[in-house]
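This report refers to the structure that appears directly beneath it.
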Amino acid sequence: MRSEIDIDDAVVEAPPNGVDTADPVPPSPQRTDGVLPGAAVPVLSVVLLLLLPVTIVVATGIGAVGIPADEVWEVVSARLLRRSPDVAPEVEQIIWTFRLPRVLLAAVFGAGLAVAVVCLQAVVRNPLAEPYILGAAAGASAAAVAVIVLGSSAVLGLGLSAAAFLGALASLLLTLALGQRAGQVNSTRLILAGVAVGYVFSAVTSFLQLQAEPNQLRGVIFWLLGSFASAEWSDLAIPTAALVFVGGWLTVQGPKMNALVMGDDTAASLGSRVSRSRVWLLILASLVTGACISVAGGIGFVGLMIPHAARLAVGPDHRRLLPVAVLGGAIFLVGVDVIARRVAAPGELPLGIFTAAIGGPAFLAIMVRNNTWASGR
């Protein structure tokens, strides 16, 4: 049996026709199986890393009252350095109290869902796997709508965010339990169980919507489609902590995730405990998904589209894929949030409308470009 260190040389490429290959092939330093050559991948990561703060500053200045980027930066730097900013008090309040928490939450949400999807796709070896398919969004929605319609007493006295987090976690754990056979997690059973669990929770949500008062329906719809309109600084704590913890752990586990994607037999021969790895990855994906959905609602297509685009660009190696997907998800959702604020200004529309409108055609284009229909990659 090979030593576990050999995992570092594994290539994350799904074996042809679903058959596991016996031995991993050492990758060429210039080979990524993506559009970009290997040498360009670090450059892309650095560009995205520099683009993210620029996007955040610009997005913070966009709104009913336009604020120049230099004033946004003045407020942020003054707050960080604990000095008084050289701007009008009302401008400081708009930036620091209302817009910056919202923009940062959008970035954390986009990055968090990208992390969760990369994780889940490694678990089930399926490019269509995402938290929504595995029932997380449906569970969170049922719990959140129960709080909106019936009150917190209906969900153990929990608030909206806490109830949504518990619902997402419960649905994913139920999917995990139903997706096992003889103590082993089976990828096909897991997806089928997730679809079934999602339908059950969706039925509960639909029933609760029928019981809602007319003045409650708008809040229900906004939550189901996702919005950062009520974002506060306190909302950032749990999703950010979950993102940092899960993202950091997955970064060091990249080689093992590479081996897992190559098939159970190959991963086991490289020293990986396949079933235990799958369970842990599912738990981590559940943690970050529940933490994100609980504060902003169900925003679809972010986690599914961005990892696909990142994989097309840099290839399937998780050591390259994860940072590009995280940064891309954050930048994408910050931009979509700006669109949601500006299209119906001075009001706004739920983000799910725009992520679906943008993500659907883009996802189809990615699949056609990458021959996903035929290859399943």
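Following the order of the structure tokens, first chain is A, next is B, and so on, with residues numbered from 1 inside each chain and ligands from 1 in the order they appear.
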
Closest-contact table, range 65-176 of chain A side, partner range 304-307 of chain A, 12 Å, counting only C-alpha atoms, as a Markdown table:
| residue | atom | partner | partner_atom | distance |
| --- | --- | --- | --- | --- |
| A:Gly110 | CA | A:Ile306 | CA | 9.0 |
| A:Ala111 | CA | A:Ile306 | CA | 9.5 |
| A:Gly112 | CA | A:Ile306 | CA | 11.4 |
| A:Leu113 | CA | A:Leu304 | CA | 8.5 |
| A:Ala114 | CA | A:Pro307 | CA | 6.2 |
| A:Val115 | CA | A:Pro307 | CA | 8.5 |
| A:Ala116 | CA | A:Leu304 | CA | 9.8 |
| A:Val117 | CA | A:Leu304 | CA | 6.6 |
| A:Val118 | CA | A:Pro307 | CA | 6.4 |
| A:Cys119 | CA | A:Pro307 | CA | 10.2 |
| A:Leu120 | CA | A:Leu304 | CA | 10.6 |
| A:Gln121 | CA | A:Pro307 | CA | 9.4 |
| A:Ala122 | CA | A:Pro307 | CA | 11.5 |
| A:Asn126 | CA | A:Leu304 | CA | 11.3 |
| A:Pro127 | CA | A:Leu304 | CA | 8.3 |
| A:Leu128 | CA | A:Leu304 | CA | 7.1 |
| A:Ala129 | CA | A:Leu304 | CA | 7.7 |
| A:Glu130 | CA | A:Leu304 | CA | 6.3 |
| A:Pro131 | CA | A:Leu304 | CA | 9.1 |
| A:Tyr132 | CA | A:Leu304 | CA | 9.3 |
| A:Ile133 | CA | A:Leu304 | CA | 10.1 |

*asked:* Need the shell around range 294-296 of chain A: protein/DNA/RNA residues with any atom at most 9 Å away, counting only C-alpha atoms. Skip same-chain ones fewer than 6 positions apart. Format as a ChimeraX atom specification?
replied: /A:105-106,109,140-141,144,160-168,223,225-231,235-236,239

Would you put the residues from that selection into a file with C-alpha atoms, as an mmCIF file, in the first residue's frame?
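Output saved as result-v3.cif:
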data_model
loop_
_atom_site.group_PDB
_atom_site.id
_atom_site.type_symbol
_atom_site.label_atom_id
_atom_site.label_comp_id
_atom_site.auth_asym_id
_atom_site.auth_seq_id
_atom_site.Cartn_x
_atom_site.Cartn_y
_atom_site.Cartn_z
ATOM 1 C CA LEU A 105 -22.001 39.855 4.306
ATOM 2 C CA ALA A 106 -22.543 39.425 0.559
ATOM 3 C CA PHE A 109 -22.033 34.507 1.715
ATOM 4 C CA ALA A 140 -33.536 26.314 6.487
ATOM 5 C CA SER A 141 -36.501 27.776 4.602
ATOM 6 C CA ALA A 144 -37.374 30.343 8.922
ATOM 7 C CA LEU A 160 -35.087 33.611 12.619
ATOM 8 C CA SER A 161 -31.351 33.092 12.016
ATOM 9 C CA ALA A 162 -30.952 30.436 14.694
ATOM 10 C CA ALA A 163 -33.998 28.526 13.467
ATOM 11 C CA ALA A 164 -32.769 28.642 9.854
ATOM 12 C CA PHE A 165 -29.336 27.383 10.891
ATOM 13 C CA LEU A 166 -30.889 24.525 12.852
ATOM 14 C CA GLY A 167 -33.179 23.662 9.926
ATOM 15 C CA ALA A 168 -30.288 23.561 7.439
ATOM 16 C CA TRP A 223 -36.287 35.364 2.780
ATOM 17 C CA LEU A 225 -35.132 34.388 -2.474
ATOM 18 C CA GLY A 226 -32.451 35.948 -0.274
ATOM 19 C CA SER A 227 -31.617 39.530 0.641
ATOM 20 C CA PHE A 228 -28.960 41.460 2.556
ATOM 21 C CA ALA A 229 -31.238 44.446 3.169
ATOM 22 C CA SER A 230 -31.288 44.056 6.948
ATOM 23 C CA ALA A 231 -27.610 43.154 7.369
ATOM 24 C CA ASP A 235 -24.775 39.064 11.319
ATOM 25 C CA LEU A 236 -21.182 38.661 10.119
ATOM 26 C CA PRO A 239 -20.807 33.042 8.793
#

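With only C-alpha atoms taken into account, the protein and nucleic acid residues at most 10 Å from Gly194 in chain A (excluding it and anything under 3 positions from it in its own chain) are Ala129, Glu130, Pro131, Tyr132, Ile133, Leu134, Gly135, Ala136, Ala138, Ser171, Leu172, Leu173, Leu174, Thr175, Leu176, Leu178, Gly179, Thr188, Arg189, Leu190, Ile191, Val197, Gly198, Tyr199 and Val200 of chain A.
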
Those same residues - N, CA and C atoms - I'd like them written as a PDB file, in the first residue's frame.
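The resulting file, selection.pdb, is shown below:
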ATOM      1  N   ALA A 129     -23.688  18.549  -7.520  1.00  0.00           N
ATOM      2  CA  ALA A 129     -23.956  18.546  -6.083  1.00  0.00           C
ATOM      3  C   ALA A 129     -23.845  19.958  -5.521  1.00  0.00           C
ATOM      4  N   GLU A 130     -24.777  20.346  -4.685  1.00  0.00           N
ATOM      5  CA  GLU A 130     -24.759  21.628  -4.004  1.00  0.00           C
ATOM      6  C   GLU A 130     -25.658  21.530  -2.780  1.00  0.00           C
ATOM      7  N   PRO A 131     -25.529  22.466  -1.835  1.00  0.00           N
ATOM      8  CA  PRO A 131     -26.341  22.389  -0.610  1.00  0.00           C
ATOM      9  C   PRO A 131     -27.835  22.397  -0.881  1.00  0.00           C
ATOM     10  N   TYR A 132     -28.268  23.053  -1.944  1.00  0.00           N
ATOM     11  CA  TYR A 132     -29.696  23.118  -2.229  1.00  0.00           C
ATOM     12  C   TYR A 132     -30.216  21.763  -2.706  1.00  0.00           C
ATOM     13  N   ILE A 133     -29.428  21.071  -3.515  1.00  0.00           N
ATOM     14  CA  ILE A 133     -29.829  19.751  -3.968  1.00  0.00           C
ATOM     15  C   ILE A 133     -29.851  18.769  -2.795  1.00  0.00           C
ATOM     16  N   LEU A 134     -28.970  18.949  -1.829  1.00  0.00           N
ATOM     17  CA  LEU A 134     -28.899  18.040  -0.688  1.00  0.00           C
ATOM     18  C   LEU A 134     -29.836  18.440   0.444  1.00  0.00           C
ATOM     19  N   GLY A 135     -30.723  19.409   0.210  1.00  0.00           N
ATOM     20  CA  GLY A 135     -31.791  19.691   1.155  1.00  0.00           C
ATOM     21  C   GLY A 135     -31.541  20.790   2.156  1.00  0.00           C
ATOM     22  N   ALA A 136     -30.357  21.402   2.165  1.00  0.00           N
ATOM     23  CA  ALA A 136     -30.047  22.398   3.186  1.00  0.00           C
ATOM     24  C   ALA A 136     -30.940  23.622   3.088  1.00  0.00           C
ATOM     25  N   ALA A 138     -33.880  23.900   1.714  1.00  0.00           N
ATOM     26  CA  ALA A 138     -35.269  23.574   2.025  1.00  0.00           C
ATOM     27  C   ALA A 138     -35.495  23.484   3.527  1.00  0.00           C
ATOM     28  N   SER A 171     -31.610  19.143   8.157  1.00  0.00           N
ATOM     29  CA  SER A 171     -31.917  18.537   6.854  1.00  0.00           C
ATOM     30  C   SER A 171     -30.700  17.848   6.251  1.00  0.00           C
ATOM     31  N   LEU A 172     -29.519  18.455   6.396  1.00  0.00           N
ATOM     32  CA  LEU A 172     -28.321  17.832   5.848  1.00  0.00           C
ATOM     33  C   LEU A 172     -27.930  16.577   6.629  1.00  0.00           C
ATOM     34  N   LEU A 173     -28.102  16.611   7.949  1.00  0.00           N
ATOM     35  CA  LEU A 173     -27.810  15.417   8.740  1.00  0.00           C
ATOM     36  C   LEU A 173     -28.796  14.294   8.423  1.00  0.00           C
ATOM     37  N   LEU A 174     -30.062  14.655   8.180  1.00  0.00           N
ATOM     38  CA  LEU A 174     -31.047  13.652   7.772  1.00  0.00           C
ATOM     39  C   LEU A 174     -30.684  13.058   6.419  1.00  0.00           C
ATOM     40  N   THR A 175     -30.252  13.905   5.504  1.00  0.00           N
ATOM     41  CA  THR A 175     -29.800  13.419   4.201  1.00  0.00           C
ATOM     42  C   THR A 175     -28.614  12.470   4.353  1.00  0.00           C
ATOM     43  N   LEU A 176     -27.688  12.833   5.232  1.00  0.00           N
ATOM     44  CA  LEU A 176     -26.516  11.985   5.482  1.00  0.00           C
ATOM     45  C   LEU A 176     -26.932  10.626   6.035  1.00  0.00           C
ATOM     46  N   LEU A 178     -29.838   9.090   5.675  1.00  0.00           N
ATOM     47  CA  LEU A 178     -30.565   8.312   4.672  1.00  0.00           C
ATOM     48  C   LEU A 178     -29.665   7.893   3.511  1.00  0.00           C
ATOM     49  N   GLY A 179     -28.560   8.608   3.320  1.00  0.00           N
ATOM     50  CA  GLY A 179     -27.677   8.307   2.197  1.00  0.00           C
ATOM     51  C   GLY A 179     -26.660   7.226   2.476  1.00  0.00           C
ATOM     52  N   THR A 188     -24.693   8.121  -4.801  1.00  0.00           N
ATOM     53  CA  THR A 188     -25.990   8.151  -5.482  1.00  0.00           C
ATOM     54  C   THR A 188     -27.132   8.214  -4.474  1.00  0.00           C
ATOM     55  N   ARG A 189     -27.061   7.392  -3.449  1.00  0.00           N
ATOM     56  CA  ARG A 189     -28.093   7.418  -2.409  1.00  0.00           C
ATOM     57  C   ARG A 189     -28.146   8.777  -1.726  1.00  0.00           C
ATOM     58  N   LEU A 190     -26.975   9.403  -1.552  1.00  0.00           N
ATOM     59  CA  LEU A 190     -26.920  10.696  -0.879  1.00  0.00           C
ATOM     60  C   LEU A 190     -27.684  11.753  -1.671  1.00  0.00           C
ATOM     61  N   ILE A 191     -27.481  11.794  -2.986  1.00  0.00           N
ATOM     62  CA  ILE A 191     -28.176  12.774  -3.825  1.00  0.00           C
ATOM     63  C   ILE A 191     -29.677  12.494  -3.836  1.00  0.00           C
ATOM     64  N   VAL A 197     -35.540  14.655   0.822  1.00  0.00           N
ATOM     65  CA  VAL A 197     -35.632  15.500   2.015  1.00  0.00           C
ATOM     66  C   VAL A 197     -36.013  16.925   1.628  1.00  0.00           C
ATOM     67  N   GLY A 198     -35.432  17.421   0.531  1.00  0.00           N
ATOM     68  CA  GLY A 198     -35.768  18.760   0.075  1.00  0.00           C
ATOM     69  C   GLY A 198     -37.231  18.907  -0.276  1.00  0.00           C
ATOM     70  N   TYR A 199     -37.795  17.898  -0.938  1.00  0.00           N
ATOM     71  CA  TYR A 199     -39.219  17.945  -1.290  1.00  0.00           C
ATOM     72  C   TYR A 199     -40.098  17.956  -0.039  1.00  0.00           C
ATOM     73  N   VAL A 200     -39.724  17.182   0.953  1.00  0.00           N
ATOM     74  CA  VAL A 200     -40.523  17.138   2.181  1.00  0.00           C
ATOM     75  C   VAL A 200     -40.530  18.505   2.864  1.00  0.00           C
TER      76      VAL A 200
END

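Minimum atom-to-atom distances from A:Val334, A:Ala212, A:Gln253, A:Pro37 to Gly151 in chain A were compared using only C-alpha atoms, and the lowest value belongs to A:Ala212.
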
*So how many Å separate CA of Phe363 in chain A and CA of Ala309 in chain A, to one decimal?*
8.2 Å

Would you pick out the contacts of range 51-55 of chain A at 10 Å or less, using only C-alpha atoms, so that residues sharing its chain but fewer than 2 positions from it are not included, and give the list as an mmCIF file with all heavy atoms, in the first residue's frame?
data_model
loop_
_atom_site.group_PDB
_atom_site.id
_atom_site.type_symbol
_atom_site.label_atom_id
_atom_site.label_comp_id
_atom_site.auth_asym_id
_atom_site.auth_seq_id
_atom_site.Cartn_x
_atom_site.Cartn_y
_atom_site.Cartn_z
ATOM 1 N N SER A 45 -5.124 34.108 -8.984
ATOM 2 C CA SER A 45 -5.461 34.192 -7.558
ATOM 3 C C SER A 45 -5.093 35.554 -6.987
ATOM 4 O O SER A 45 -5.864 36.150 -6.224
ATOM 5 C CB SER A 45 -4.748 33.076 -6.785
ATOM 6 O OG SER A 45 -5.152 31.805 -7.236
ATOM 7 N N VAL A 46 -3.928 36.060 -7.366
ATOM 8 C CA VAL A 46 -3.494 37.376 -6.872
ATOM 9 C C VAL A 46 -4.399 38.474 -7.420
ATOM 10 O O VAL A 46 -4.783 39.399 -6.690
ATOM 11 C CB VAL A 46 -2.020 37.627 -7.256
ATOM 12 C CG1 VAL A 46 -1.630 39.072 -6.939
ATOM 13 C CG2 VAL A 46 -1.111 36.670 -6.519
ATOM 14 N N VAL A 47 -4.762 38.381 -8.694
ATOM 15 C CA VAL A 47 -5.650 39.386 -9.295
ATOM 16 C C VAL A 47 -6.994 39.409 -8.578
ATOM 17 O O VAL A 47 -7.528 40.475 -8.240
ATOM 18 C CB VAL A 47 -5.838 39.109 -10.796
ATOM 19 C CG1 VAL A 47 -6.955 39.981 -11.369
ATOM 20 C CG2 VAL A 47 -4.542 39.370 -11.550
ATOM 21 N N LEU A 48 -7.563 38.228 -8.319
ATOM 22 C CA LEU A 48 -8.843 38.164 -7.609
ATOM 23 C C LEU A 48 -8.712 38.687 -6.188
ATOM 24 O O LEU A 48 -9.621 39.361 -5.676
ATOM 25 C CB LEU A 48 -9.360 36.724 -7.603
ATOM 26 C CG LEU A 48 -9.795 36.148 -8.949
ATOM 27 C CD1 LEU A 48 -10.160 34.680 -8.807
ATOM 28 C CD2 LEU A 48 -10.973 36.936 -9.517
ATOM 29 N N LEU A 49 -7.592 38.385 -5.552
ATOM 30 C CA LEU A 49 -7.373 38.853 -4.184
ATOM 31 C C LEU A 49 -7.291 40.374 -4.119
ATOM 32 O O LEU A 49 -7.774 40.994 -3.167
ATOM 33 C CB LEU A 49 -6.090 38.232 -3.629
ATOM 34 C CG LEU A 49 -5.782 38.484 -2.152
ATOM 35 C CD1 LEU A 49 -6.878 37.915 -1.260
ATOM 36 C CD2 LEU A 49 -4.423 37.884 -1.787
ATOM 37 N N VAL A 57 -15.089 48.239 -1.789
ATOM 38 C CA VAL A 57 -15.087 49.696 -1.614
ATOM 39 C C VAL A 57 -16.030 50.361 -2.608
ATOM 40 O O VAL A 57 -16.831 51.240 -2.248
ATOM 41 C CB VAL A 57 -13.655 50.250 -1.757
ATOM 42 C CG1 VAL A 57 -13.675 51.780 -1.823
ATOM 43 C CG2 VAL A 57 -12.794 49.795 -0.579
ATOM 44 N N VAL A 58 -15.953 49.951 -3.881
ATOM 45 C CA VAL A 58 -16.813 50.548 -4.907
ATOM 46 C C VAL A 58 -18.273 50.249 -4.615
ATOM 47 O O VAL A 58 -19.145 51.140 -4.705
ATOM 48 C CB VAL A 58 -16.414 50.034 -6.307
ATOM 49 C CG1 VAL A 58 -17.426 50.493 -7.349
ATOM 50 C CG2 VAL A 58 -15.015 50.518 -6.675
ATOM 51 N N ALA A 59 -18.587 49.005 -4.246
ATOM 52 C CA ALA A 59 -19.974 48.623 -3.965
ATOM 53 C C ALA A 59 -20.528 49.370 -2.761
ATOM 54 O O ALA A 59 -21.714 49.719 -2.725
ATOM 55 C CB ALA A 59 -20.060 47.117 -3.726
ATOM 56 N N THR A 60 -19.689 49.638 -1.780
ATOM 57 C CA THR A 60 -20.132 50.377 -0.596
ATOM 58 C C THR A 60 -20.529 51.805 -0.945
ATOM 59 O O THR A 60 -21.420 52.392 -0.317
ATOM 60 C CB THR A 60 -19.028 50.383 0.483
ATOM 61 O OG1 THR A 60 -18.678 49.034 0.801
ATOM 62 C CG2 THR A 60 -19.492 51.077 1.753
ATOM 63 N N ALA A 69 -15.266 56.692 -3.719
ATOM 64 C CA ALA A 69 -14.483 55.604 -3.137
ATOM 65 C C ALA A 69 -13.484 56.106 -2.102
ATOM 66 O O ALA A 69 -13.218 55.410 -1.112
ATOM 67 C CB ALA A 69 -13.750 54.848 -4.246
ATOM 68 N N TRP A 73 -13.068 54.720 1.733
ATOM 69 C CA TRP A 73 -11.804 54.259 2.293
ATOM 70 C C TRP A 73 -11.417 55.071 3.521
ATOM 71 O O TRP A 73 -10.855 54.530 4.477
ATOM 72 C CB TRP A 73 -10.709 54.324 1.239
ATOM 73 C CG TRP A 73 -9.375 53.889 1.769
ATOM 74 C CD1 TRP A 73 -8.267 54.645 1.935
ATOM 75 C CD2 TRP A 73 -9.038 52.582 2.231
ATOM 76 N NE1 TRP A 73 -7.252 53.898 2.473
ATOM 77 C CE2 TRP A 73 -7.697 52.627 2.662
ATOM 78 C CE3 TRP A 73 -9.738 51.376 2.321
ATOM 79 C CZ2 TRP A 73 -7.034 51.506 3.167
ATOM 80 C CZ3 TRP A 73 -9.081 50.263 2.832
ATOM 81 C CH2 TRP A 73 -7.754 50.341 3.249
ATOM 82 N N VAL A 103 -22.347 44.763 2.347
ATOM 83 C CA VAL A 103 -21.419 44.345 1.298
ATOM 84 C C VAL A 103 -20.514 43.221 1.801
ATOM 85 O O VAL A 103 -20.258 42.236 1.087
ATOM 86 C CB VAL A 103 -20.590 45.553 0.830
ATOM 87 C CG1 VAL A 103 -19.486 45.101 -0.131
ATOM 88 C CG2 VAL A 103 -21.478 46.584 0.144
ATOM 89 N N LEU A 104 -20.028 43.338 3.025
ATOM 90 C CA LEU A 104 -19.173 42.293 3.582
ATOM 91 C C LEU A 104 -19.935 40.979 3.753
ATOM 92 O O LEU A 104 -19.392 39.898 3.509
ATOM 93 C CB LEU A 104 -18.589 42.738 4.923
ATOM 94 C CG LEU A 104 -17.558 43.863 4.854
ATOM 95 C CD1 LEU A 104 -17.110 44.264 6.262
ATOM 96 C CD2 LEU A 104 -16.340 43.434 4.027
ATOM 97 N N ALA A 107 -20.103 39.282 0.469
ATOM 98 C CA ALA A 107 -18.833 38.647 0.135
ATOM 99 C C ALA A 107 -18.659 37.335 0.895
ATOM 100 O O ALA A 107 -18.244 36.317 0.327
ATOM 101 C CB ALA A 107 -17.677 39.598 0.436
ATOM 102 N N LEU A 327 -12.714 33.377 -3.826
ATOM 103 C CA LEU A 327 -12.613 34.786 -4.214
ATOM 104 C C LEU A 327 -13.632 35.129 -5.298
ATOM 105 O O LEU A 327 -14.259 36.196 -5.261
ATOM 106 C CB LEU A 327 -11.195 35.078 -4.712
ATOM 107 C CG LEU A 327 -10.092 34.976 -3.652
ATOM 108 C CD1 LEU A 327 -8.716 35.048 -4.306
ATOM 109 C CD2 LEU A 327 -10.242 36.081 -2.616
ATOM 110 N N GLY A 328 -13.824 34.222 -6.254
ATOM 111 C CA GLY A 328 -14.805 34.465 -7.309
ATOM 112 C C GLY A 328 -16.219 34.550 -6.767
ATOM 113 O O GLY A 328 -17.003 35.404 -7.194
ATOM 114 N N ALA A 330 -17.151 35.479 -3.752
ATOM 115 C CA ALA A 330 -17.301 36.724 -3.006
ATOM 116 C C ALA A 330 -17.503 37.913 -3.936
ATOM 117 O O ALA A 330 -18.412 38.734 -3.752
ATOM 118 C CB ALA A 330 -16.068 36.946 -2.127
ATOM 119 N N ILE A 331 -16.673 38.018 -4.968
ATOM 120 C CA ILE A 331 -16.769 39.143 -5.905
ATOM 121 C C ILE A 331 -18.090 39.103 -6.660
ATOM 122 O O ILE A 331 -18.762 40.134 -6.840
ATOM 123 C CB ILE A 331 -15.580 39.109 -6.887
ATOM 124 C CG1 ILE A 331 -14.273 39.388 -6.138
ATOM 125 C CG2 ILE A 331 -15.773 40.120 -8.011
ATOM 126 C CD1 ILE A 331 -13.024 39.143 -6.963
ATOM 127 N N PHE A 332 -18.486 37.926 -7.093
ATOM 128 C CA PHE A 332 -19.726 37.783 -7.865
ATOM 129 C C PHE A 332 -20.935 38.251 -7.067
ATOM 130 O O PHE A 332 -21.762 39.022 -7.567
ATOM 131 C CB PHE A 332 -19.900 36.329 -8.291
ATOM 132 C CG PHE A 332 -21.231 36.039 -8.927
ATOM 133 C CD1 PHE A 332 -21.503 36.459 -10.222
ATOM 134 C CD2 PHE A 332 -22.213 35.361 -8.227
ATOM 135 C CE1 PHE A 332 -22.734 36.191 -10.811
ATOM 136 C CE2 PHE A 332 -23.446 35.088 -8.803
ATOM 137 C CZ PHE A 332 -23.704 35.508 -10.101
ATOM 138 N N VAL A 334 -21.132 40.191 -4.393
ATOM 139 C CA VAL A 334 -21.100 41.625 -4.112
ATOM 140 C C VAL A 334 -21.628 42.401 -5.313
ATOM 141 O O VAL A 334 -22.415 43.346 -5.178
ATOM 142 C CB VAL A 334 -19.668 42.080 -3.757
ATOM 143 C CG1 VAL A 334 -19.582 43.610 -3.731
ATOM 144 C CG2 VAL A 334 -19.252 41.527 -2.398
ATOM 145 N N GLY A 335 -21.218 41.993 -6.509
ATOM 146 C CA GLY A 335 -21.699 42.655 -7.715
ATOM 147 C C GLY A 335 -23.194 42.467 -7.932
ATOM 148 O O GLY A 335 -23.903 43.406 -8.304
#

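The nearest approach to Ile62 in chain A among the residues A:Pro214, A:Ile94, A:Val108, A:Val220, with only C-alpha atoms taken into account, belongs to A:Ile94.
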
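Among the candidates A:Gly347, A:Gly359, A:Gly315, A:Gly352, the one nearest to Gly38 in chain A when counting only C-alpha atoms is A:Gly315.
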
_as JSON, numbers by chain, please: every residue in range 152-322 of chain A that a backbone DSSP assignment puts in strand (DSSP E or B)._
{"A": [180, 181, 184, 185]}

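The interatomic distance for the pair CA of Val252 in chain A and CA of Val314 in chain A works out to 18.1 Å.
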